[in-house]
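Since the structure comes first, as structure tokens, the remarks are kept for the end.
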Amino acid sequence: MPLNCSSLAAKVPHILGQGRIYTPNYVGKFFCFFPCKRTYQNSSLQIVSLSKLNQSFTSSIMEDLKSLDLSSPQPEKYSKEMDIAVRAVQMACSLCQKVQDSMISKANSQVQAKDDNSLVTVADWSVQATVSWILSESLGNRNVSIVAEEDVRTLSKADKAGLLEAVVQTVNECLSEAPRFGLKAPQMFLTTAEVLEAISHCNSTGGPTGRFWALDPVDGTLGFVRGDQYAVALALIEDGEVVLGVLGCPNYPMRKEWLNYHHRYHRIISKLTPPTSESWDKGCVIYTRKGSGEAWMQPLLQGQKKLVWPNSARPVQVSSIDNPALATFCEPVEKANSSHSFTAGLAHSVGLRMQPLRVYSMVKYAAIARGDAEVFMKFARAGYKEKIWDHAAGVVIIEEAGGVVTDAGGRPLDFSKGMYLEGLDRGIIACAGAKLHDKIIKAVDASWNSSSL
Ligand SMILES: Nc1ncnc2c1ncn2[C@@H]1O[C@H](COP(=O)(O)O)[C@@H](OP(=O)(O)O)[C@H]1O
Ligand SMILES: [Mg+2]
């Protein structure tokens with residue numbers, strides 16, 4: 001009798017660890033292993049050839065496989081957290097779209113400067129409150145620890161009563177739609193104190209042990225207020241490792257060429273040319289689980305539709321382009337956030353010939369994961385400390401989609417040191433493949449000493 005591969009797939013990672021699993025094809029009395037990469041129903045299997053296994057390891061795997069009870073597959077690790085996180089990010093994207101539309105249609109005072117002069121909007125606080133409330137409600141308040149970008153200092157100031165009222169209303173409007181996203185809505189409207197409590201609940205500072213979420217409610221706030229690209233980023237970090245990544249990109253255009261343009265052109269073009277497929281107008285949520293070898297993308301939920309899992313999800317993969325002359329590199333729009341002159345020098349020396357794609361926010365990570373660009377480089381000014389919520393979701397998504405992300409010294413980013421990426425060597429380099437990545441790392445070394453960074 002042939003083995004049921006999908007039920008087996010659900011179990012094998014438990015005996016072999018994450019990332020790579022060995023799937024037998026039952027032939028007579030023997031298990032045979034074969035090299036390929038394939039998806040069986042809900043389970044993603046990366047299958048490695050028998051030649052890579054030594055004999056004793058193979059025998060022990062066979063013993064383990066024989067002892068499996070194939071009739072009752074175990075759920076994949078973090079499947080509940082993933083399900084809730086994707087739905088919460090879908091909700092957050094919908095909230096942001098409404099706020100951004102209202103900001104564009106009527107100039108209003110929803111943009112505030114924080115103590116450090118960076119921008120914050122009704123959407124930042126409202127998303128943080130909403131995601132915090134959903135995670136706590138679905139997974140248990142005590143189990144949920146969150147590191148997030150916003151606090152309630154500005155919002156609680158006496159002269160900000162109108163702003164706070166707008167946040168409370170936005171959160172309640174969003175949460176009342178929770179059932180459409182397959183989540184539970186609150187029984188009653190949240191009070192102001194409850195909304196502030198949900199925002200303040202995100203007071204974890206991360207660290208090397210235990211489990212916490214890293215949330216950037218609106219990444220690329222400048223892009224957001226300018227009506228352009230921005231992202232909602234949520235990651236689960238366990239013992240210093242990013243284990244889940246979810247990235248919502250509400251303005252990701254239907255055609256990758258449109259990433260080159262300010263999003264207002266996309267708005268105009270969309271009005272002139274109706275979308276080819278209603279479900280893929282614009283915007284997406286990309287998500288992955290570490291070690292799965294796959295990253296998935298759902299369209300944003302449109303109109304009054306209900307989210308029915310997996311919501312037309314399809315896998316995404318990095319580009320196979322490894323010739324620098326054909327590769328596109330992305331970087332922040334603001335040169336205050338990354339040195340455009342240093343990356344231009346690097347691009348020149350490795351043979352990247354295309355114009356850089358300058359996009360706000362972690363949409364750059366999404367572009368690499370979707371195969372729409374090949375390189376992302378960021379070199380902030382000396383002394384700037386990168387925050388974990390600005391990178392965690394994007395890094396794991398690119399890695400599982402087949403790409404490489406390191407600091408400029410070639411080391412993985414370290415999410416175990418608290419709120420910041422402590423010890424980051426010079427900058428961040430994300431690439432579709434190792435060949436491009438290698439070239440850029442070497443070019444950084446060659447030109448660093450003569451740079452002004
Ligand atoms: N001086 C600086 N250097 C580097 N990054 C900065 C910076 N000031 C802000 N940032 C980060 O850059 C993010 C925006 O990314 P990008 O420049 O790629 O669009 C900001 O996220 P927020 O907008 O969430 O605050 C912020 O975390
Ligand atoms: Mg950010």
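Note on naming: chains are A, B, ... as they come in the structure tokens, residues start from 1 per chain, ligands start from 1 in the order shown.
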
Proximity check region 234-342 of chain A to region 387-395 of chain A, 9 Å, nearest pairs one decimal Å, only C-alpha atoms, as a Markdown table:
| residue | atom | partner | partner_atom | distance |
| --- | --- | --- | --- | --- |
| A:Leu234 | CA | A:Ala393 | CA | 6.0 |
| A:Ala235 | CA | A:Ala393 | CA | 4.9 |
| A:Leu236 | CA | A:Ala393 | CA | 8.2 |
| A:Ile237 | CA | A:Ala392 | CA | 8.3 |
| A:Val242 | CA | A:Ala392 | CA | 6.4 |
| A:Leu244 | CA | A:Ala393 | CA | 7.1 |
| A:Gly245 | CA | A:Ala393 | CA | 4.0 |
| A:Val246 | CA | A:Ala393 | CA | 5.7 |
| A:Leu247 | CA | A:Ala393 | CA | 6.3 |
| A:Tyr287 | CA | A:Ala393 | CA | 8.1 |
| A:Thr288 | CA | A:Ala393 | CA | 8.6 |

Using N, CA and C atoms, can you write the selected residues to a file as an mmCIF file, in the first residue's frame?
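As a result, out_3.cif now contains:
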data_model
loop_
_atom_site.group_PDB
_atom_site.id
_atom_site.type_symbol
_atom_site.label_atom_id
_atom_site.label_comp_id
_atom_site.auth_asym_id
_atom_site.auth_seq_id
_atom_site.Cartn_x
_atom_site.Cartn_y
_atom_site.Cartn_z
ATOM 1 N N LEU A 234 4.991 42.088 10.608
ATOM 2 C CA LEU A 234 4.806 41.341 11.856
ATOM 3 C C LEU A 234 5.665 40.076 11.794
ATOM 4 N N ALA A 235 6.454 39.864 12.851
ATOM 5 C CA ALA A 235 7.296 38.657 12.869
ATOM 6 C C ALA A 235 7.211 38.023 14.245
ATOM 7 N N LEU A 236 7.346 36.722 14.282
ATOM 8 C CA LEU A 236 7.435 36.026 15.572
ATOM 9 C C LEU A 236 8.885 35.585 15.750
ATOM 10 N N ILE A 237 9.441 35.943 16.900
ATOM 11 C CA ILE A 237 10.852 35.623 17.181
ATOM 12 C C ILE A 237 10.895 34.697 18.389
ATOM 13 N N VAL A 242 14.042 34.426 14.017
ATOM 14 C CA VAL A 242 12.743 34.796 13.441
ATOM 15 C C VAL A 242 12.103 33.517 12.898
ATOM 16 N N LEU A 244 8.510 33.257 12.181
ATOM 17 C CA LEU A 244 7.418 33.570 11.256
ATOM 18 C C LEU A 244 7.602 34.995 10.758
ATOM 19 N N GLY A 245 7.265 35.229 9.515
ATOM 20 C CA GLY A 245 7.303 36.595 8.988
ATOM 21 C C GLY A 245 6.060 36.855 8.165
ATOM 22 N N VAL A 246 5.421 37.991 8.402
ATOM 23 C CA VAL A 246 4.230 38.381 7.634
ATOM 24 C C VAL A 246 4.407 39.845 7.231
ATOM 25 N N LEU A 247 4.288 40.112 5.952
ATOM 26 C CA LEU A 247 4.536 41.451 5.435
ATOM 27 C C LEU A 247 3.374 41.876 4.546
ATOM 28 N N TYR A 287 3.960 35.835 3.434
ATOM 29 C CA TYR A 287 4.226 35.240 4.744
ATOM 30 C C TYR A 287 5.025 33.953 4.598
ATOM 31 N N THR A 288 5.719 33.613 5.663
ATOM 32 C CA THR A 288 6.524 32.389 5.638
ATOM 33 C C THR A 288 6.772 31.870 7.042
#

Which residues of chain A sit at most 6 Å from ligand 1, using only C-alpha atoms and all ligand atoms? Give each one's shortest atom pair and distance in Å (one decimal place), in chain and ascending residue order, as JSON lines.
{"residue": "A:Val218", "atom": "CA", "partner": "ligand 1", "partner_atom_place_in_ligand_line": "24 (O)", "distance": 5.5}
{"residue": "A:Asp219", "atom": "CA", "partner": "ligand 1", "partner_atom_place_in_ligand_line": "24 (O)", "distance": 3.3}
{"residue": "A:Gly220", "atom": "CA", "partner": "ligand 1", "partner_atom_place_in_ligand_line": "23 (O)", "distance": 3.2}
{"residue": "A:Thr221", "atom": "CA", "partner": "ligand 1", "partner_atom_place_in_ligand_line": "23 (O)", "distance": 4.0}
{"residue": "A:Leu222", "atom": "CA", "partner": "ligand 1", "partner_atom_place_in_ligand_line": "23 (O)", "distance": 6.0}
{"residue": "A:Pro332", "atom": "CA", "partner": "ligand 1", "partner_atom_place_in_ligand_line": "18 (O)", "distance": 4.0}
{"residue": "A:Val333", "atom": "CA", "partner": "ligand 1", "partner_atom_place_in_ligand_line": "17 (O)", "distance": 6.0}
{"residue": "A:Glu334", "atom": "CA", "partner": "ligand 1", "partner_atom_place_in_ligand_line": "17 (O)", "distance": 5.6}
{"residue": "A:Ala336", "atom": "CA", "partner": "ligand 1", "partner_atom_place_in_ligand_line": "1 (N)", "distance": 5.4}
{"residue": "A:Asn337", "atom": "CA", "partner": "ligand 1", "partner_atom_place_in_ligand_line": "3 (N)", "distance": 3.5}
{"residue": "A:Ser338", "atom": "CA", "partner": "ligand 1", "partner_atom_place_in_ligand_line": "4 (C)", "distance": 5.9}
{"residue": "A:Tyr360", "atom": "CA", "partner": "ligand 1", "partner_atom_place_in_ligand_line": "19 (O)", "distance": 3.4}
{"residue": "A:Ser361", "atom": "CA", "partner": "ligand 1", "partner_atom_place_in_ligand_line": "19 (O)", "distance": 3.6}
{"residue": "A:Ala380", "atom": "CA", "partner": "ligand 1", "partner_atom_place_in_ligand_line": "4 (C)", "distance": 4.6}
{"residue": "A:Tyr384", "atom": "CA", "partner": "ligand 1", "partner_atom_place_in_ligand_line": "3 (N)", "distance": 5.8}
{"residue": "A:Asp390", "atom": "CA", "partner": "ligand 1", "partner_atom_place_in_ligand_line": "27 (O)", "distance": 5.7}

For those residues, write C-alpha atoms to a file as a PDB file, in the first residue's frame.
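Generated output (out-v9.pdb):
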ATOM      1  CA  VAL A 218       3.259  51.266   9.460  1.00  0.00           C
ATOM      2  CA  ASP A 219       6.745  50.889   8.106  1.00  0.00           C
ATOM      3  CA  GLY A 220       7.726  53.746   5.811  1.00  0.00           C
ATOM      4  CA  THR A 221       5.462  56.312   7.454  1.00  0.00           C
ATOM      5  CA  LEU A 222       6.867  58.942   5.084  1.00  0.00           C
ATOM      6  CA  PRO A 332      15.497  53.669   0.511  1.00  0.00           C
ATOM      7  CA  VAL A 333      14.019  56.760  -1.129  1.00  0.00           C
ATOM      8  CA  GLU A 334      15.502  59.025   1.524  1.00  0.00           C
ATOM      9  CA  ALA A 336      19.184  60.392   4.964  1.00  0.00           C
ATOM     10  CA  ASN A 337      18.344  56.704   5.600  1.00  0.00           C
ATOM     11  CA  SER A 338      20.991  55.164   3.339  1.00  0.00           C
ATOM     12  CA  TYR A 360       9.799  53.351   0.819  1.00  0.00           C
ATOM     13  CA  SER A 361       9.635  50.713   3.529  1.00  0.00           C
ATOM     14  CA  ALA A 380      22.721  54.111   7.225  1.00  0.00           C
ATOM     15  CA  TYR A 384      22.216  54.800  13.466  1.00  0.00           C
ATOM     16  CA  ASP A 390      12.205  47.142  10.391  1.00  0.00           C
TER      17      ASP A 390
END

*Counting only C-alpha atoms, what is within 9 Å of Ala347 (chain A), bar same-chain residues fewer than 6 positions away, as a ChimeraX atom specification?*
/A:324,329,353-354,356,440,443

*asked:* With only C-alpha atoms as the counted atoms, please give the residues lying no more than 7 Å from Val375 (chain A), apart from itself and same-chain residues fewer than 6 positions off, as a ChimeraX atom specification.
replied: /A:328-330,368,430-432

Those residues with N, CA and C atoms, as a short mmCIF file (atom, residue, chain, number, x, y, z; two decimals), in the first residue's frame please?
data_model
loop_
_atom_site.label_atom_id
_atom_site.label_comp_id
_atom_site.auth_asym_id
_atom_site.auth_seq_id
_atom_site.Cartn_x
_atom_site.Cartn_y
_atom_site.Cartn_z
N THR A 328 18.29 44.33 -10.82
CA THR A 328 17.79 45.61 -10.30
C THR A 328 18.12 45.70 -8.82
N PHE A 329 18.65 46.84 -8.38
CA PHE A 329 18.86 46.96 -6.93
C PHE A 329 17.95 48.02 -6.34
N CYS A 330 17.44 47.75 -5.15
CA CYS A 330 16.58 48.74 -4.50
C CYS A 330 17.25 49.30 -3.26
N ILE A 368 12.17 41.77 -3.53
CA ILE A 368 13.18 40.71 -3.73
C ILE A 368 12.50 39.34 -3.63
N ALA A 430 20.71 42.36 0.93
CA ALA A 430 19.80 41.24 0.64
C ALA A 430 19.87 40.97 -0.85
N CYS A 431 20.00 39.70 -1.22
CA CYS A 431 20.13 39.37 -2.64
C CYS A 431 19.29 38.15 -2.98
N ALA A 432 18.95 38.07 -4.27
CA ALA A 432 18.20 36.91 -4.74
C ALA A 432 19.07 35.65 -4.68
#

*Give me every helix (DSSP H, G or I) residue in region 126-297 of chain A, going by DSSP on the backbone, as an MDAnalysis selection string.*
chainID A and resid 126:139 141:143 158:176 178:181 192:200 221:225 256:260 263:272 278:280

*From region 292-382 of chain A, collect each residue whose DSSP state is strand (DSSP E) and return the set as a PyMOL selection string.*
chain A and resi 295-299+314-316+329-331+357-358+375-378

Using only C-alpha atoms, which residues sit within 7 Å of Gly433 (chain A) once same-chain residues fewer than 2 positions away are excluded, as an mmCIF file with C-alpha atoms, in the first residue's frame?
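Listing of result-v1.cif after writing:
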data_model
loop_
_atom_site.group_PDB
_atom_site.id
_atom_site.type_symbol
_atom_site.label_atom_id
_atom_site.label_comp_id
_atom_site.auth_asym_id
_atom_site.auth_seq_id
_atom_site.Cartn_x
_atom_site.Cartn_y
_atom_site.Cartn_z
ATOM 1 C CA ASP A 322 22.597 36.425 -11.241
ATOM 2 C CA GLY A 403 17.469 34.572 -1.151
ATOM 3 C CA VAL A 404 20.290 35.638 1.154
ATOM 4 C CA CYS A 431 20.131 39.369 -2.638
ATOM 5 C CA LYS A 435 26.600 34.948 -6.474
ATOM 6 C CA LEU A 436 25.364 38.538 -6.465
ATOM 7 C CA HIS A 437 25.652 38.636 -2.696
#

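The residue set within 7 Å of region 305-310 of chain A, counting only C-alpha atoms and dropping same-chain residues fewer than 5 places from it, reads A:Arg180, A:Phe181, A:Gly182.
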
For the residues in the current selection, export N, CA and C atoms as a tab-separated table (two decimals), in the first residue's frame.
chain	number	residue	atom	x	y	z
A	180	ARG	N	-15.14	39.22	9.19
A	180	ARG	CA	-14.88	39.10	7.75
A	180	ARG	C	-13.49	38.51	7.51
A	181	PHE	N	-12.60	38.71	8.46
A	181	PHE	CA	-11.23	38.19	8.33
A	181	PHE	C	-11.08	36.85	9.08
A	182	GLY	N	-12.21	36.32	9.55
A	182	GLY	CA	-12.17	35.04	10.26
A	182	GLY	C	-11.69	35.18	11.68

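Each of A:Ser94, A:Pro217, A:Arg87, A:Leu300 was checked against ligand 2 using only C-alpha atoms and all ligand atoms; the smallest atom-to-atom distance is that of A:Pro217.
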
*Quick one: of A:Ala113, A:Ala148, A:Ala434, A:Leu301, who's nearest to ligand 2, counting only C-alpha atoms and all ligand atoms?*
A:Ala148

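CA of Tyr230 (chain A) sits 20.5 Å away from CA of Val405 (chain A).
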
*Would you mind listing what lies within 8 Å of Asp124 (chain A) as a PyMOL selection string, with only C-alpha atoms counted and same-chain residues fewer than 3 positions away left out?*
chain A and resi 120-121+127-128+150+217-218

Selection file, N, CA and C atoms, as a short mmCIF file (atom, residue, chain, number, x, y, z; two decimals), in the first residue's frame:
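Result went into result-v6.cif, see below:
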data_model
loop_
_atom_site.label_atom_id
_atom_site.label_comp_id
_atom_site.auth_asym_id
_atom_site.auth_seq_id
_atom_site.Cartn_x
_atom_site.Cartn_y
_atom_site.Cartn_z
N VAL A 120 4.39 60.09 12.80
CA VAL A 120 3.48 59.05 13.24
C VAL A 120 2.06 59.50 12.89
N THR A 121 1.19 58.55 12.58
CA THR A 121 -0.16 58.91 12.16
C THR A 121 -1.18 58.10 12.95
N VAL A 127 -3.18 50.60 14.02
CA VAL A 127 -2.73 49.25 13.65
C VAL A 127 -2.12 48.56 14.87
N GLN A 128 -1.29 49.30 15.60
CA GLN A 128 -0.64 48.68 16.76
C GLN A 128 -1.69 48.18 17.77
N GLU A 150 5.49 51.92 18.29
CA GLU A 150 4.85 53.08 18.91
C GLU A 150 4.63 52.92 20.42
N PRO A 217 3.87 48.78 12.83
CA PRO A 217 2.48 48.94 12.38
C PRO A 217 2.39 49.61 11.01
N VAL A 218 3.17 50.67 10.80
CA VAL A 218 3.26 51.27 9.46
C VAL A 218 4.73 51.54 9.21
#
